[in-house]
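These notes concern the structure reproduced below.
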Amino acid sequence: MSIETADLVTAVLLVIGAFFMFVGAVGVVRMPDLFMRMSATTKSVTLGVSFMLAAVAVHFNELGLGSRAIATIVFVFITAPIAAHMIGRAGYARQVELWHGTIADELRGRYDPETGELISKPPVHHPERLPSDGTD
Amino acid sequence: MTLTDLALYIILPILSVALILAVSRLIRGPKMPDRVVALDLMVTLGMGLIAVYAIATDQAVFLDVATVLALISFLGTTAFAYYLQRRPEA
């Protein structure tokens with residue numbers, strides 16, 4: 001790979017990474033509740049930082065440095081979902097307000113915020129989801 | 001336009017604006033978990049800044065700083081999450 005090609009690949013990786021990180025930051029400001037904000041940072045910004053580290057690996061073109069960059073990418077990809085999961089759990093336990101347009105909250109009514117216990121209920125019917133046959 | 005110019009005059013300003021947006025969420029809140037998310041985002045943006053700076057200055061040593069930052073960020077976020085879940089108030 002010639003110098004120019006390597007520089008071009010690095011530049012493209014940098015621009016893509018910067019785009020994803022900027023989108024993640026905008027999402028954190030614009031999204032209406034905690035869980036959506038978390039989704040913005042966890043997915044978009046993780047991908048963006050991986051592109052940046054890949055750009056570093058391409059730019060310096062050394063075995064030791066590249067393997068370290070790849071190890072960092074793998075580490076970020078493993079830990080970002082774990083951290084987001086833990087914050088989300090803590091947020092739900094603290095009863096952070098959900099957005100008014102939220103359509104699914106499968107823990108509603110099954111989580112006791114006083115004791116932190118999860119209650120398993122028998123499967124419930126959703127009469128509003130069944131097609132009505134007009135007899136009742 | 002060289003790679004250094006691109007990194008210094010385009011990528012770094014974009015990341016700086018993103019960092020300012022993250023700080024605005026850190027200040028506005030409204031609850032503690034939102035601030036923790038903003039802090040996590042800031043550390044990740046810092047990793048990106050360090051990577052870009054390493055390319056701009058041709059100093060490969062900075063990559064190690066980004067790695068250590070990733071480790072510390074995960075520990076910090078996990079500790080914050082534990083703390084938030086244990087403490088009922090605040």
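Residue numbering restarts at 1 in every chain; chains get A, B, ... in the order shown in the structure tokens, and ligands count up from 1 in that same order.
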Near chain B, meaning an atom within 9 Å, which residues of chain A appear when counting only C-alpha atoms? Write them as a PDB file with C-alpha atoms, in the first residue's frame.
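Result file follows (out_1.pdb):
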```pdb
ATOM      1  CA  ASP A   7      -3.470   8.406   4.045  1.00  0.00           C
ATOM      2  CA  LEU A   8      -6.707   8.260   2.097  1.00  0.00           C
ATOM      3  CA  THR A  10      -7.006   6.974   7.325  1.00  0.00           C
ATOM      4  CA  ALA A  11      -8.842  10.148   6.304  1.00  0.00           C
ATOM      5  CA  LEU A  14     -11.485   9.515  10.575  1.00  0.00           C
ATOM      6  CA  VAL A  15     -14.388  11.250   8.838  1.00  0.00           C
ATOM      7  CA  GLY A  17     -15.715   8.014  12.997  1.00  0.00           C
ATOM      8  CA  ALA A  18     -16.221  11.735  13.598  1.00  0.00           C
ATOM      9  CA  PHE A  19     -19.647  11.541  11.948  1.00  0.00           C
ATOM     10  CA  MET A  21     -19.466  10.321  17.350  1.00  0.00           C
ATOM     11  CA  PHE A  22     -21.133  13.611  16.498  1.00  0.00           C
ATOM     12  CA  VAL A  23     -24.451  11.869  15.816  1.00  0.00           C
ATOM     13  CA  GLY A  24     -24.174  10.144  19.195  1.00  0.00           C
ATOM     14  CA  ALA A  25     -23.553  13.440  20.986  1.00  0.00           C
ATOM     15  CA  VAL A  26     -26.528  15.053  19.216  1.00  0.00           C
ATOM     16  CA  VAL A  28     -27.678  12.489  23.868  1.00  0.00           C
ATOM     17  CA  VAL A  29     -28.879  16.081  23.770  1.00  0.00           C
ATOM     18  CA  ASP A  33     -35.576   9.935  27.945  1.00  0.00           C
ATOM     19  CA  LEU A  34     -32.677   8.108  29.583  1.00  0.00           C
ATOM     20  CA  ARG A  37     -30.037   8.625  25.198  1.00  0.00           C
ATOM     21  CA  MET A  38     -28.202   5.500  26.304  1.00  0.00           C
ATOM     22  CA  THR A  41     -24.241   6.799  23.101  1.00  0.00           C
ATOM     23  CA  THR A  42     -23.790   3.062  23.287  1.00  0.00           C
ATOM     24  CA  VAL A  45     -20.326   6.481  19.761  1.00  0.00           C
ATOM     25  CA  THR A  46     -18.861   2.994  20.223  1.00  0.00           C
ATOM     26  CA  GLY A  48     -17.329   5.985  15.997  1.00  0.00           C
ATOM     27  CA  VAL A  49     -14.475   5.422  18.416  1.00  0.00           C
ATOM     28  CA  SER A  50     -13.726   2.076  16.788  1.00  0.00           C
ATOM     29  CA  MET A  52     -10.994   6.313  15.017  1.00  0.00           C
ATOM     30  CA  LEU A  53      -8.835   3.581  16.537  1.00  0.00           C
ATOM     31  CA  ALA A  55      -7.632   4.959  11.618  1.00  0.00           C
ATOM     32  CA  VAL A  56      -4.740   5.071  14.106  1.00  0.00           C
ATOM     33  CA  HIS A  59      -1.928   5.384   9.870  1.00  0.00           C
ATOM     34  CA  PHE A  60       0.998   4.040  11.872  1.00  0.00           C
ATOM     35  CA  LEU A  65       0.436  -0.721  17.527  1.00  0.00           C
ATOM     36  CA  ARG A  68      -3.073  -2.772  20.593  1.00  0.00           C
ATOM     37  CA  ALA A  69      -5.607  -0.713  18.668  1.00  0.00           C
ATOM     38  CA  ALA A  71      -7.465  -4.982  21.436  1.00  0.00           C
ATOM     39  CA  THR A  72      -8.843  -1.602  22.498  1.00  0.00           C
ATOM     40  CA  ILE A  73     -11.630  -1.837  19.903  1.00  0.00           C
ATOM     41  CA  PHE A  75     -12.499  -4.098  24.754  1.00  0.00           C
ATOM     42  CA  VAL A  76     -14.777  -1.152  23.966  1.00  0.00           C
ATOM     43  CA  THR A  79     -17.670  -3.247  27.819  1.00  0.00           C
ATOM     44  CA  ALA A  80     -19.942  -0.576  26.303  1.00  0.00           C
ATOM     45  CA  ILE A  82     -22.303  -4.027  29.808  1.00  0.00           C
ATOM     46  CA  ALA A  83     -21.948  -0.490  31.141  1.00  0.00           C
ATOM     47  CA  ALA A  84     -25.114   0.638  29.348  1.00  0.00           C
ATOM     48  CA  MET A  86     -25.930  -1.531  34.265  1.00  0.00           C
ATOM     49  CA  ILE A  87     -26.879   2.143  33.971  1.00  0.00           C
ATOM     50  CA  GLY A  88     -30.205   1.178  32.438  1.00  0.00           C
ATOM     51  CA  ARG A  89     -30.912  -1.237  35.265  1.00  0.00           C
ATOM     52  CA  ALA A  90     -30.006   1.363  37.874  1.00  0.00           C
ATOM     53  CA  GLY A  91     -32.140   3.934  36.054  1.00  0.00           C
ATOM     54  CA  ALA A  93     -34.661   0.775  39.616  1.00  0.00           C
ATOM     55  CA  ARG A  94     -34.629   4.490  40.360  1.00  0.00           C
ATOM     56  CA  VAL A  96     -36.563   7.256  35.796  1.00  0.00           C
ATOM     57  CA  GLU A 114     -39.125  -0.868  47.442  1.00  0.00           C
TER      58      GLU A 114
END
```
Please return, as an NGL selection string, all residues of chain B that DSSP assigns to alpha helix (DSSP H) on the basis of the backbone.
:B and (3-6 or 12-28 or 32-57 or 62-86)
Emit the selected residues as a compact mmCIF listing (two decimals), in the first residue's frame, including C-alpha atoms.
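Okay, this is what ended up in out39.txt:
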```txt
# COMPACT_ATOMS: atom_id res chain seq x y z
CA LEU B 3 -3.81 14.35 6.93
CA THR B 4 -2.58 16.61 9.74
CA ASP B 5 -4.69 19.48 8.42
CA LEU B 6 -7.75 17.27 8.17
CA LEU B 12 -10.93 17.88 16.18
CA PRO B 13 -13.48 20.77 15.96
CA ILE B 14 -16.30 18.30 15.25
CA LEU B 15 -15.32 16.26 18.30
CA SER B 16 -15.02 19.43 20.39
CA VAL B 17 -18.57 20.45 19.48
CA ALA B 18 -19.73 16.93 20.38
CA LEU B 19 -17.93 17.31 23.72
CA ILE B 20 -19.74 20.60 24.36
CA LEU B 21 -23.08 18.90 23.64
CA ALA B 22 -22.18 16.14 26.12
CA VAL B 23 -21.28 18.73 28.76
CA SER B 24 -24.63 20.45 28.23
CA ARG B 25 -26.38 17.14 28.97
CA LEU B 26 -24.13 16.66 32.00
CA ILE B 27 -25.22 20.04 33.37
CA ARG B 28 -28.92 19.80 32.46
CA MET B 32 -28.36 11.24 38.08
CA PRO B 33 -28.35 8.38 35.51
CA ASP B 34 -28.50 10.94 32.69
CA ARG B 35 -25.38 12.57 34.06
CA VAL B 36 -23.61 9.23 34.24
CA VAL B 37 -24.48 8.58 30.59
CA ALA B 38 -23.14 12.02 29.66
CA LEU B 39 -19.92 11.37 31.59
CA ASP B 40 -19.47 8.02 29.86
CA LEU B 41 -19.98 9.75 26.52
CA MET B 42 -17.41 12.39 27.42
CA VAL B 43 -14.77 9.79 28.21
CA THR B 44 -15.44 7.98 24.93
CA LEU B 45 -15.21 11.28 23.04
CA GLY B 46 -11.93 11.87 24.85
CA MET B 47 -10.66 8.55 23.48
CA GLY B 48 -11.55 9.74 19.99
CA LEU B 49 -9.80 13.06 20.59
CA ILE B 50 -6.66 11.28 21.73
CA ALA B 51 -6.70 9.02 18.67
CA VAL B 52 -7.05 12.01 16.34
CA TYR B 53 -4.33 13.88 18.19
CA ALA B 54 -2.02 10.89 17.85
CA ILE B 55 -2.51 10.98 14.08
CA ALA B 56 -2.12 14.78 13.90
CA THR B 57 1.16 14.82 15.82
CA PHE B 62 -0.98 8.41 22.76
CA LEU B 63 -2.82 5.22 21.83
CA ASP B 64 -1.89 3.73 25.21
CA VAL B 65 -3.61 6.65 26.91
CA ALA B 66 -6.79 5.86 24.98
CA THR B 67 -6.60 2.23 26.11
CA VAL B 68 -6.19 3.18 29.76
CA LEU B 69 -9.05 5.67 29.40
CA ALA B 70 -11.29 2.88 28.09
CA LEU B 71 -10.44 0.69 31.10
CA ILE B 72 -11.03 3.47 33.62
CA SER B 73 -14.26 4.55 31.92
CA PHE B 74 -15.73 1.07 32.23
CA LEU B 75 -14.75 0.82 35.90
CA GLY B 76 -16.15 4.27 36.65
CA THR B 77 -19.47 3.65 34.91
CA THR B 78 -19.89 0.31 36.66
CA ALA B 79 -19.14 1.88 40.03
CA PHE B 80 -21.63 4.68 39.36
CA ALA B 81 -24.30 2.16 38.38
CA TYR B 82 -23.77 0.18 41.58
CA TYR B 83 -23.89 3.36 43.62
CA LEU B 84 -27.09 4.51 41.93
CA GLN B 85 -28.81 1.19 42.47
CA ARG B 86 -27.86 0.90 46.13
```
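For the atom pair formed by CA of Ala6 (chain A) and CA of Gly64 (chain A), the distance is 17.6 Å, given to one decimal.
Our summary of the geometry notes that CA of Arg30 (chain A) is positioned 14.7 Å from CA of Leu98 (chain A).
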Per DSSP on the backbone, filter region 16-133 of chain A down to the residues in strand (DSSP E or B) and report them as a list in words.
Tyr111, Asp112, Glu117 and Leu118 of chain A
Near region 102-109 of chain A, counting only C-alpha atoms, which residues have an atom at most 10 Å away, once you skip same-chain residues fewer than 2 positions from it, shown as a VMD selection string?
chain A and resid 33 92 98 to 100 111 to 112 118 to 121
Take the selection from the previous step and output its residues with N, CA and C atoms, as an mmCIF file, in the first residue's frame.
```
data_model
loop_
_atom_site.group_PDB
_atom_site.id
_atom_site.type_symbol
_atom_site.label_atom_id
_atom_site.label_comp_id
_atom_site.auth_asym_id
_atom_site.auth_seq_id
_atom_site.Cartn_x
_atom_site.Cartn_y
_atom_site.Cartn_z
ATOM 1 N N ASP A 33 -35.733 10.544 26.617
ATOM 2 C CA ASP A 33 -35.576 9.935 27.945
ATOM 3 C C ASP A 33 -34.270 9.162 28.061
ATOM 4 N N TYR A 92 -33.795 2.167 35.780
ATOM 5 C CA TYR A 92 -35.141 1.618 35.949
ATOM 6 C C TYR A 92 -35.452 1.406 37.418
ATOM 7 N N LEU A 98 -40.218 7.501 31.915
ATOM 8 C CA LEU A 98 -40.147 7.090 30.519
ATOM 9 C C LEU A 98 -40.796 8.155 29.649
ATOM 10 N N TRP A 99 -40.418 8.139 28.383
ATOM 11 C CA TRP A 99 -41.021 9.073 27.437
ATOM 12 C C TRP A 99 -42.515 8.762 27.304
ATOM 13 N N HIS A 100 -43.333 9.798 27.092
ATOM 14 C CA HIS A 100 -44.791 9.554 27.066
ATOM 15 C C HIS A 100 -45.214 8.699 25.884
ATOM 16 N N TYR A 111 -42.125 -5.183 38.856
ATOM 17 C CA TYR A 111 -40.911 -4.787 39.578
ATOM 18 C C TYR A 111 -41.324 -4.010 40.805
ATOM 19 N N ASP A 112 -40.799 -4.446 41.962
ATOM 20 C CA ASP A 112 -41.122 -3.771 43.216
ATOM 21 C C ASP A 112 -39.980 -2.828 43.561
ATOM 22 N N LEU A 118 -38.186 -8.799 41.535
ATOM 23 C CA LEU A 118 -38.935 -9.005 40.301
ATOM 24 C C LEU A 118 -40.031 -10.029 40.571
ATOM 25 N N ILE A 119 -41.248 -9.680 40.190
ATOM 26 C CA ILE A 119 -42.367 -10.566 40.442
ATOM 27 C C ILE A 119 -42.776 -11.218 39.127
ATOM 28 N N SER A 120 -42.842 -12.528 39.131
ATOM 29 C CA SER A 120 -43.285 -13.219 37.930
ATOM 30 C C SER A 120 -44.776 -13.463 38.026
ATOM 31 N N LYS A 121 -45.501 -13.007 37.019
ATOM 32 C CA LYS A 121 -46.948 -13.183 37.008
ATOM 33 C C LYS A 121 -47.310 -14.246 35.985
#
```
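Here CA of Phe77 (chain A) stands at a distance of 26.7 Å from CA of Leu8 (chain B).
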